[in-house]
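**Student:** My structure is stored as entry-v3.pdb, with PDB, C-alpha atoms.
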```pdb
ATOM      1  CA  MET A  88       0.000   0.000   0.000
ATOM      2  CA  ASN A  89       2.843   2.439   0.881
ATOM      3  CA  LYS A  90       4.536   1.684  -2.463
ATOM      4  CA  ILE A  91       1.350   2.656  -4.312
ATOM      5  CA  ILE A  92       1.103   5.941  -2.403
ATOM      6  CA  ILE A  93       4.783   6.734  -3.057
ATOM      7  CA  ILE A  94       4.431   5.885  -6.783
ATOM      8  CA  GLY A  95       1.252   7.987  -6.947
ATOM      9  CA  CYS A  96       2.989  10.955  -5.312
ATOM     10  CA  CYS A  97       5.950  10.637  -7.709
ATOM     11  CA  CYS A  98       3.581  10.557 -10.698
ATOM     12  CA  LEU A  99       1.788  13.688  -9.434
ATOM     13  CA  LEU A 100       5.112  15.492  -8.961
ATOM     14  CA  LEU A 101       6.255  14.497 -12.449
ATOM     15  CA  LEU A 102       2.926  15.559 -13.961
ATOM     16  CA  SER A 103       3.129  18.854 -12.095
ATOM     17  CA  ALA A 104       6.673  19.460 -13.375
ATOM     18  CA  CYS A 105       5.637  18.629 -16.956
ATOM     19  CA  SER A 106       2.644  20.976 -16.726
ATOM     20  CA  GLN A 107       4.916  23.745 -15.501
ATOM     21  CA  GLU A 108       7.320  23.184 -18.410
ATOM     22  CA  ILE A 109       4.464  23.355 -20.934
ATOM     23  CA  SER A 110       3.073  26.568 -19.467
ATOM     24  CA  GLU A 111       6.557  28.119 -19.479
ATOM     25  CA  VAL A 112       6.915  27.342 -23.193
ATOM     26  CA  ASP A 113       3.530  28.911 -23.932
ATOM     27  CA  GLU A 114       4.222  32.065 -21.936
ATOM     28  CA  GLY A 115       7.679  32.652 -23.364
ATOM     29  CA  ALA A 116       6.948  32.993 -27.066
ATOM     30  CA  ILE A 117       5.435  36.311 -28.109
ATOM     31  CA  ASN A 118       3.589  36.679 -31.415
ATOM     32  CA  TRP A 119       5.229  39.455 -33.438
ATOM     33  CA  LYS A 120       1.878  40.702 -34.792
ATOM     34  CA  THR A 121      -0.219  40.825 -31.620
ATOM     35  CA  ASP A 122       2.162  40.474 -28.637
ATOM     36  CA  THR A 123       0.190  37.371 -27.679
ATOM     37  CA  ASN A 124       1.546  33.903 -26.990
ATOM     38  CA  THR A 125       2.430  31.737 -29.970
ATOM     39  CA  TYR A 126       4.741  28.878 -30.855
ATOM     40  CA  SER A 127       8.223  29.578 -32.211
ATOM     41  CA  SER A 128       7.977  27.038 -35.038
ATOM     42  CA  ASP A 129       6.496  29.762 -37.286
ATOM     43  CA  SER A 130       9.338  32.247 -36.716
ATOM     44  CA  PHE A 131      12.671  32.560 -38.513
ATOM     45  CA  LEU A 132      14.106  33.798 -35.201
ATOM     46  CA  PRO A 133      12.349  32.299 -32.168
ATOM     47  CA  MET A 134      12.686  34.731 -29.292
ATOM     48  CA  ARG A 135      12.414  33.430 -25.766
ATOM     49  CA  ILE A 136      14.603  33.888 -22.720
ATOM     50  CA  GLY A 137      16.800  30.800 -22.533
ATOM     51  CA  ASN A 138      17.048  30.180 -26.283
ATOM     52  CA  TYR A 139      20.653  29.874 -27.459
ATOM     53  CA  TRP A 140      22.918  28.944 -30.376
ATOM     54  CA  LYS A 141      26.236  27.506 -29.246
ATOM     55  CA  TYR A 142      29.421  26.238 -30.849
ATOM     56  CA  ASP A 143      31.359  25.970 -27.583
ATOM     57  CA  ASP A 144      31.767  27.932 -24.335
ATOM     58  CA  GLY A 145      33.552  30.761 -26.147
ATOM     59  CA  ASN A 146      31.288  31.031 -29.212
ATOM     60  CA  TYR A 147      27.561  31.446 -28.682
ATOM     61  CA  ILE A 148      24.479  33.650 -28.894
ATOM     62  CA  SER A 149      21.996  33.558 -26.020
ATOM     63  CA  ILE A 150      18.724  35.327 -25.202
ATOM     64  CA  THR A 151      19.051  36.317 -21.561
ATOM     65  CA  ASP A 152      16.415  38.952 -20.764
ATOM     66  CA  THR A 153      13.778  41.339 -22.093
ATOM     67  CA  LEU A 154      13.496  45.100 -21.954
ATOM     68  CA  ARG A 155      10.879  47.589 -23.083
ATOM     69  CA  ILE A 156      12.127  50.449 -25.230
ATOM     70  CA  GLU A 157       9.471  53.115 -25.810
ATOM     71  CA  GLY A 158       6.809  50.539 -24.884
ATOM     72  CA  ALA A 159       7.949  47.809 -27.293
ATOM     73  CA  LEU A 160       9.288  44.485 -25.977
ATOM     74  CA  PHE A 161      12.890  43.728 -26.995
ATOM     75  CA  TYR A 162      14.906  40.578 -26.283
ATOM     76  CA  LYS A 163      18.455  40.851 -24.983
ATOM     77  CA  PHE A 164      20.858  38.842 -27.163
ATOM     78  CA  GLU A 165      24.269  38.282 -25.588
ATOM     79  CA  SER A 166      27.073  36.812 -27.662
ATOM     80  CA  LEU A 167      30.655  35.740 -27.262
ATOM     81  CA  THR A 168      32.941  35.184 -30.245
ATOM     82  CA  GLY A 169      36.428  33.718 -30.056
ATOM     83  CA  TYR A 170      36.302  33.634 -26.243
ATOM     84  CA  ASP A 171      36.850  37.399 -25.995
ATOM     85  CA  ALA A 172      34.543  39.478 -28.215
ATOM     86  CA  TYR A 173      31.420  40.052 -26.112
ATOM     87  CA  GLY A 174      28.329  41.758 -27.527
ATOM     88  CA  THR A 175      24.832  42.752 -26.447
ATOM     89  CA  GLN A 176      21.941  43.553 -28.775
ATOM     90  CA  TYR A 177      18.267  44.305 -28.078
ATOM     91  CA  GLN A 178      16.139  42.888 -30.889
ATOM     92  CA  ARG A 179      12.488  42.300 -31.704
ATOM     93  CA  LEU A 180      10.210  41.413 -34.581
ATOM     94  CA  ASP A 181       7.997  44.380 -35.417
ATOM     95  CA  GLU A 182       4.420  44.330 -36.718
ATOM     96  CA  ASP A 183       5.709  43.768 -40.293
ATOM     97  CA  ASN A 184       7.952  40.830 -39.244
ATOM     98  CA  ASN A 185      11.114  42.914 -39.578
ATOM     99  CA  LEU A 186      13.981  42.083 -37.246
ATOM    100  CA  ILE A 187      15.001  45.371 -35.686
ATOM    101  CA  GLU A 188      17.569  46.310 -33.088
ATOM    102  CA  ARG A 189      17.444  49.338 -30.819
ATOM    103  CA  SER A 190      19.502  50.654 -27.946
ATOM    104  CA  PRO A 191      18.097  51.441 -24.499
ATOM    105  CA  THR A 192      20.616  54.292 -24.165
ATOM    106  CA  ASN A 193      19.864  55.743 -27.629
ATOM    107  CA  PRO A 194      16.256  54.800 -28.490
ATOM    108  CA  ASP A 195      16.273  56.850 -31.717
ATOM    109  CA  TRP A 196      18.924  54.539 -33.200
ATOM    110  CA  VAL A 197      17.340  51.719 -35.252
ATOM    111  CA  TYR A 198      19.196  48.913 -37.046
ATOM    112  CA  LEU A 199      17.240  46.714 -39.483
ATOM    113  CA  HIS A 200      18.681  43.169 -39.552
ATOM    114  CA  ALA A 201      16.083  41.314 -41.653
ATOM    115  CA  LYS A 202      12.773  41.678 -43.472
ATOM    116  CA  PHE A 203      11.223  38.226 -43.163
ATOM    117  CA  GLU A 204       8.124  39.052 -45.254
ATOM    118  CA  SER A 205      10.130  40.220 -48.289
ATOM    119  CA  GLU A 206      10.559  38.616 -51.693
ATOM    120  CA  VAL A 207      13.814  37.422 -53.244
ATOM    121  CA  GLY A 208      15.761  40.383 -54.621
ATOM    122  CA  THR A 209      14.381  42.883 -52.099
ATOM    123  CA  LYS A 210      17.029  45.376 -50.955
ATOM    124  CA  PHE A 211      17.088  47.502 -47.815
ATOM    125  CA  TYR A 212      19.635  49.318 -45.662
ATOM    126  CA  THR A 213      20.493  48.467 -42.064
ATOM    127  CA  LEU A 214      20.757  52.083 -40.865
ATOM    128  CA  ASN A 215      19.465  53.902 -43.933
ATOM    129  CA  ASP A 216      21.778  56.826 -43.181
ATOM    130  CA  ARG A 217      24.562  56.351 -45.777
ATOM    131  CA  THR A 218      27.283  56.254 -43.112
ATOM    132  CA  VAL A 219      30.281  53.921 -43.239
ATOM    133  CA  ASN A 220      28.434  51.414 -41.025
ATOM    134  CA  ASP A 221      25.340  51.220 -43.244
ATOM    135  CA  TYR A 222      24.942  47.886 -45.051
ATOM    136  CA  GLU A 223      22.913  47.238 -48.172
ATOM    137  CA  VAL A 224      21.049  43.976 -47.548
ATOM    138  CA  THR A 225      19.601  41.781 -50.291
ATOM    139  CA  LEU A 226      17.286  38.855 -49.737
ATOM    140  CA  LYS A 227      19.168  36.257 -51.807
ATOM    141  CA  SER A 228      17.028  33.140 -51.387
ATOM    142  CA  LEU A 229      13.852  32.064 -49.689
ATOM    143  CA  PHE A 230      12.653  28.521 -49.171
ATOM    144  CA  SER A 231       9.784  27.261 -47.056
ATOM    145  CA  ASP A 232      12.049  26.970 -44.013
ATOM    146  CA  ILE A 233      15.269  28.914 -44.810
ATOM    147  CA  ILE A 234      15.842  32.574 -45.649
ATOM    148  CA  VAL A 235      19.230  33.982 -46.737
ATOM    149  CA  PHE A 236      20.343  37.632 -46.620
ATOM    150  CA  GLU A 237      23.519  39.087 -48.148
ATOM    151  CA  PHE A 238      25.055  42.117 -46.391
ATOM    152  CA  GLU A 239      27.372  44.490 -48.288
ATOM    153  CA  MET A 240      29.106  47.586 -46.954
ATOM    154  CA  MET A 241      28.306  50.288 -49.480
ATOM    155  CA  TYR A 242      29.736  53.471 -47.953
ATOM    156  CA  HIS A 243      32.911  52.337 -46.206
ATOM    157  CA  PRO A 244      35.959  53.432 -48.246
ATOM    158  CA  LEU A 245      38.026  50.318 -47.437
ATOM    159  CA  LEU A 246      35.301  47.683 -47.109
ATOM    160  CA  LYS A 247      33.014  48.587 -50.014
ATOM    161  CA  GLY A 248      32.171  45.413 -51.869
ATOM    162  CA  GLN A 249      32.854  43.143 -48.875
ATOM    163  CA  LYS A 250      29.900  40.794 -48.409
ATOM    164  CA  HIS A 251      28.744  38.309 -45.828
ATOM    165  CA  ILE A 252      25.723  36.036 -45.529
ATOM    166  CA  VAL A 253      23.261  35.710 -42.638
ATOM    167  CA  SER A 254      20.615  33.006 -42.822
ATOM    168  CA  TYR A 255      17.804  31.791 -40.617
ATOM    169  CA  LYS A 256      15.928  28.489 -40.385
ATOM    170  CA  LYS A 257      12.252  28.603 -39.495
ATOM    171  CA  GLY A 258      11.700  27.382 -35.948
ATOM    172  CA  LEU A 259      15.457  27.313 -35.153
ATOM    173  CA  GLY A 260      16.750  30.810 -35.919
ATOM    174  CA  PHE A 261      20.386  31.482 -36.799
ATOM    175  CA  THR A 262      22.034  28.923 -39.066
ATOM    176  CA  GLY A 263      25.713  28.178 -38.796
ATOM    177  CA  ASN A 264      28.189  25.677 -37.458
ATOM    178  CA  TRP A 265      26.439  25.375 -34.121
ATOM    179  CA  LYS A 266      26.997  22.229 -32.117
ATOM    180  CA  GLU A 267      23.962  22.890 -29.939
ATOM    181  CA  THR A 268      20.811  24.990 -30.119
ATOM    182  CA  LYS A 269      18.112  25.414 -27.493
ATOM    183  CA  ILE A 270      14.698  26.650 -28.621
ATOM    184  CA  ASP A 271      11.680  26.684 -26.279
ATOM    185  CA  ASN A 272      13.327  24.309 -23.774
ATOM    186  CA  ILE A 273      14.231  21.768 -26.481
ATOM    187  CA  VAL A 274      17.946  21.193 -27.017
ATOM    188  CA  TYR A 275      19.144  20.209 -30.507
ATOM    189  CA  ARG A 276      22.639  18.710 -30.820
ATOM    190  CA  TYR A 277      24.424  18.539 -34.153
ATOM    191  CA  ASP A 278      27.252  16.159 -34.975
TER     192      ASP A 278
END
```
Rewrite the structure of this file - the entire thing - as structure tokens.

**Tutor:**
Amino acid sequence: MNKIIIIGCCCLLLLSACSQEISEVDEGAINWKTDTNTYSSDSFLPMRIGNYWKYDDGNYISITDTLRIEGALFYKFESLTGYDAYGTQYQRLDEDNNLIERSPTNPDWVYLHAKFESEVGTKFYTLNDRTVNDYEVTLKSLFSDIIVFEFEMMYHPLLKGQKHIVSYKKGLGFTGNWKETKIDNIVYRYD
């Protein structure tokens, strides 16, 4: 009889823990159109505290917090590259499914990383100010689950013509040589 009670209690604790995990997943994903809960499988960049993209301990991107800038919810992306280059960005998907970055210390500054609702060949500028840090971005290819953008410095005297690619996979976010990705409490390991 005591074994049955102990097994029953363990099952209730496990069920309670599983229910908590499910509710945490639901509460963490914000729909870019309505600011309501949604699942990340529809997004090219799932945003939830705890999501990460990791190569090793010295090369990763992680969502660690949120912050409101002029009333809009932004996610804090922290990154480490080569064990020493640390970065922080505050990003969100706006009502048009554009990936924008803003700064809490300079809220007028806006950096456009991606336009996920665009068609192949669409061009836009990251800062749209024609400074040396302004990139021309072209949507190079779009598949049902992968989108690829090409960034080119247009106004930098030494780097004009230099290009790099940034791509996203629907439901998983940043593509790359990651060894591990965590999205909505699910860890994906790549060999």

**Student:** Run through the PyMOL selection byres ((chain A and resi 132-139) around 6) on the given coordinates and return the selected residues as an MDAnalysis selection string.

**Tutor:** chainID A and resid 115:116 127 130:131 140 148:152 260 268:270

**Student:** Env of A:Thr218: 8 Å cut, atoms = all atoms listed in the file, seq-sep filter 3 positions within chain, self excluded. Answer as an NGL selection string.

**Tutor:** :A and (221 or 242-243)

**Student:** Those residues you just picked out, can you put them in a file as a PDB file, in the coordinates of the input with C-alpha atoms?

**Tutor:**
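Generated output (selection20.pdb):
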```
ATOM      1  CA  ASP A 221      25.340  51.220 -43.244  1.00  0.00           C
ATOM      2  CA  TYR A 242      29.736  53.471 -47.953  1.00  0.00           C
ATOM      3  CA  HIS A 243      32.911  52.337 -46.206  1.00  0.00           C
TER       4      HIS A 243
END
```

**Student:** Determine, counting all atoms listed in the file, every residue of protein, DNA or RNA that lies within 12 Å of (32.2, 36.6, -30.9) in the file coordinates, then give the result as a CSV table (one decimal) with C-alpha atoms, in the frame of the given file.

**Tutor:**
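Okay, selection39.csv is ready:
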```csv
chain,number,residue,atom,x,y,z
A,141,LYS,CA,26.2,27.5,-29.2
A,142,TYR,CA,29.4,26.2,-30.8
A,143,ASP,CA,31.4,26.0,-27.6
A,144,ASP,CA,31.8,27.9,-24.3
A,145,GLY,CA,33.6,30.8,-26.1
A,146,ASN,CA,31.3,31.0,-29.2
A,147,TYR,CA,27.6,31.4,-28.7
A,148,ILE,CA,24.5,33.6,-28.9
A,149,SER,CA,22.0,33.6,-26.0
A,165,GLU,CA,24.3,38.3,-25.6
A,166,SER,CA,27.1,36.8,-27.7
A,167,LEU,CA,30.7,35.7,-27.3
A,168,THR,CA,32.9,35.2,-30.2
A,169,GLY,CA,36.4,33.7,-30.1
A,170,TYR,CA,36.3,33.6,-26.2
A,171,ASP,CA,36.8,37.4,-26.0
A,172,ALA,CA,34.5,39.5,-28.2
A,173,TYR,CA,31.4,40.1,-26.1
A,174,GLY,CA,28.3,41.8,-27.5
A,175,THR,CA,24.8,42.8,-26.4
```

**Student:** Quote the spacing between atom CA of A:Phe161 and atom CA of A:Thr262 in Å to one decimal place.

**Tutor:**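 Separation of atom CA of A:Phe161 and atom CA of A:Thr262: 21.2 Å.
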
**Student:** Using only C-alpha atoms for the distances, tell me which of A:Gly263, A:Gly258, A:Pro191, A:Gly208 is nearest to A:Lys163.

**Tutor:** A:Pro191

**Student:** Convert the output of the PyMOL selection byres ((chain A and resi 223-230) around 9) on the shown file into explicit residues, formatted as a PDB file with C-alpha atoms, in the coordinates of the input.

**Tutor:**
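Done, and the output landed in result.pdb:
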```
ATOM      1  CA  HIS A 200      18.681  43.169 -39.552  1.00  0.00           C
ATOM      2  CA  ALA A 201      16.083  41.314 -41.653  1.00  0.00           C
ATOM      3  CA  LYS A 202      12.773  41.678 -43.472  1.00  0.00           C
ATOM      4  CA  PHE A 203      11.223  38.226 -43.163  1.00  0.00           C
ATOM      5  CA  SER A 205      10.130  40.220 -48.289  1.00  0.00           C
ATOM      6  CA  GLU A 206      10.559  38.616 -51.693  1.00  0.00           C
ATOM      7  CA  VAL A 207      13.814  37.422 -53.244  1.00  0.00           C
ATOM      8  CA  GLY A 208      15.761  40.383 -54.621  1.00  0.00           C
ATOM      9  CA  THR A 209      14.381  42.883 -52.099  1.00  0.00           C
ATOM     10  CA  LYS A 210      17.029  45.376 -50.955  1.00  0.00           C
ATOM     11  CA  PHE A 211      17.088  47.502 -47.815  1.00  0.00           C
ATOM     12  CA  TYR A 212      19.635  49.318 -45.662  1.00  0.00           C
ATOM     13  CA  THR A 213      20.493  48.467 -42.064  1.00  0.00           C
ATOM     14  CA  ASN A 215      19.465  53.902 -43.933  1.00  0.00           C
ATOM     15  CA  ASP A 221      25.340  51.220 -43.244  1.00  0.00           C
ATOM     16  CA  TYR A 222      24.942  47.886 -45.051  1.00  0.00           C
ATOM     17  CA  SER A 231       9.784  27.261 -47.056  1.00  0.00           C
ATOM     18  CA  ASP A 232      12.049  26.970 -44.013  1.00  0.00           C
ATOM     19  CA  ILE A 233      15.269  28.914 -44.810  1.00  0.00           C
ATOM     20  CA  ILE A 234      15.842  32.574 -45.649  1.00  0.00           C
ATOM     21  CA  VAL A 235      19.230  33.982 -46.737  1.00  0.00           C
ATOM     22  CA  PHE A 236      20.343  37.632 -46.620  1.00  0.00           C
ATOM     23  CA  GLU A 237      23.519  39.087 -48.148  1.00  0.00           C
ATOM     24  CA  PHE A 238      25.055  42.117 -46.391  1.00  0.00           C
ATOM     25  CA  GLU A 239      27.372  44.490 -48.288  1.00  0.00           C
ATOM     26  CA  MET A 240      29.106  47.586 -46.954  1.00  0.00           C
ATOM     27  CA  MET A 241      28.306  50.288 -49.480  1.00  0.00           C
TER      28      MET A 241
END
```

**Student:** Show which residues sit within 6 Å of A:Tyr162, as an mmCIF file with C-alpha atoms, keeping the file's coordinate frame. Count only C-alpha atoms, and ignore same-chain residues fewer than 5 positions away.

**Tutor:**
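Printed below is result-v8.cif as written:
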```
data_model
loop_
_atom_site.group_PDB
_atom_site.id
_atom_site.type_symbol
_atom_site.label_atom_id
_atom_site.label_comp_id
_atom_site.auth_asym_id
_atom_site.auth_seq_id
_atom_site.Cartn_x
_atom_site.Cartn_y
_atom_site.Cartn_z
ATOM 1 C CA ASP A 152 16.415 38.952 -20.764
ATOM 2 C CA THR A 153 13.778 41.339 -22.093
ATOM 3 C CA TYR A 177 18.267 44.305 -28.078
ATOM 4 C CA GLN A 178 16.139 42.888 -30.889
#
```

**Student:** Quick check, in Å to one decimal: how far apart do atom CA of A:Asn264 and atom CA of A:Gln249 lie?

**Tutor:** 21.4 Å

**Student:** I'd like to know which of A:Lys266, A:Asn185, A:Val219, A:Val197 is closest to A:Lys247, using only C-alpha atoms.

**Tutor:**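 Once distances to A:Lys247 are computed over only C-alpha atoms, the minimum belongs to A:Val219.
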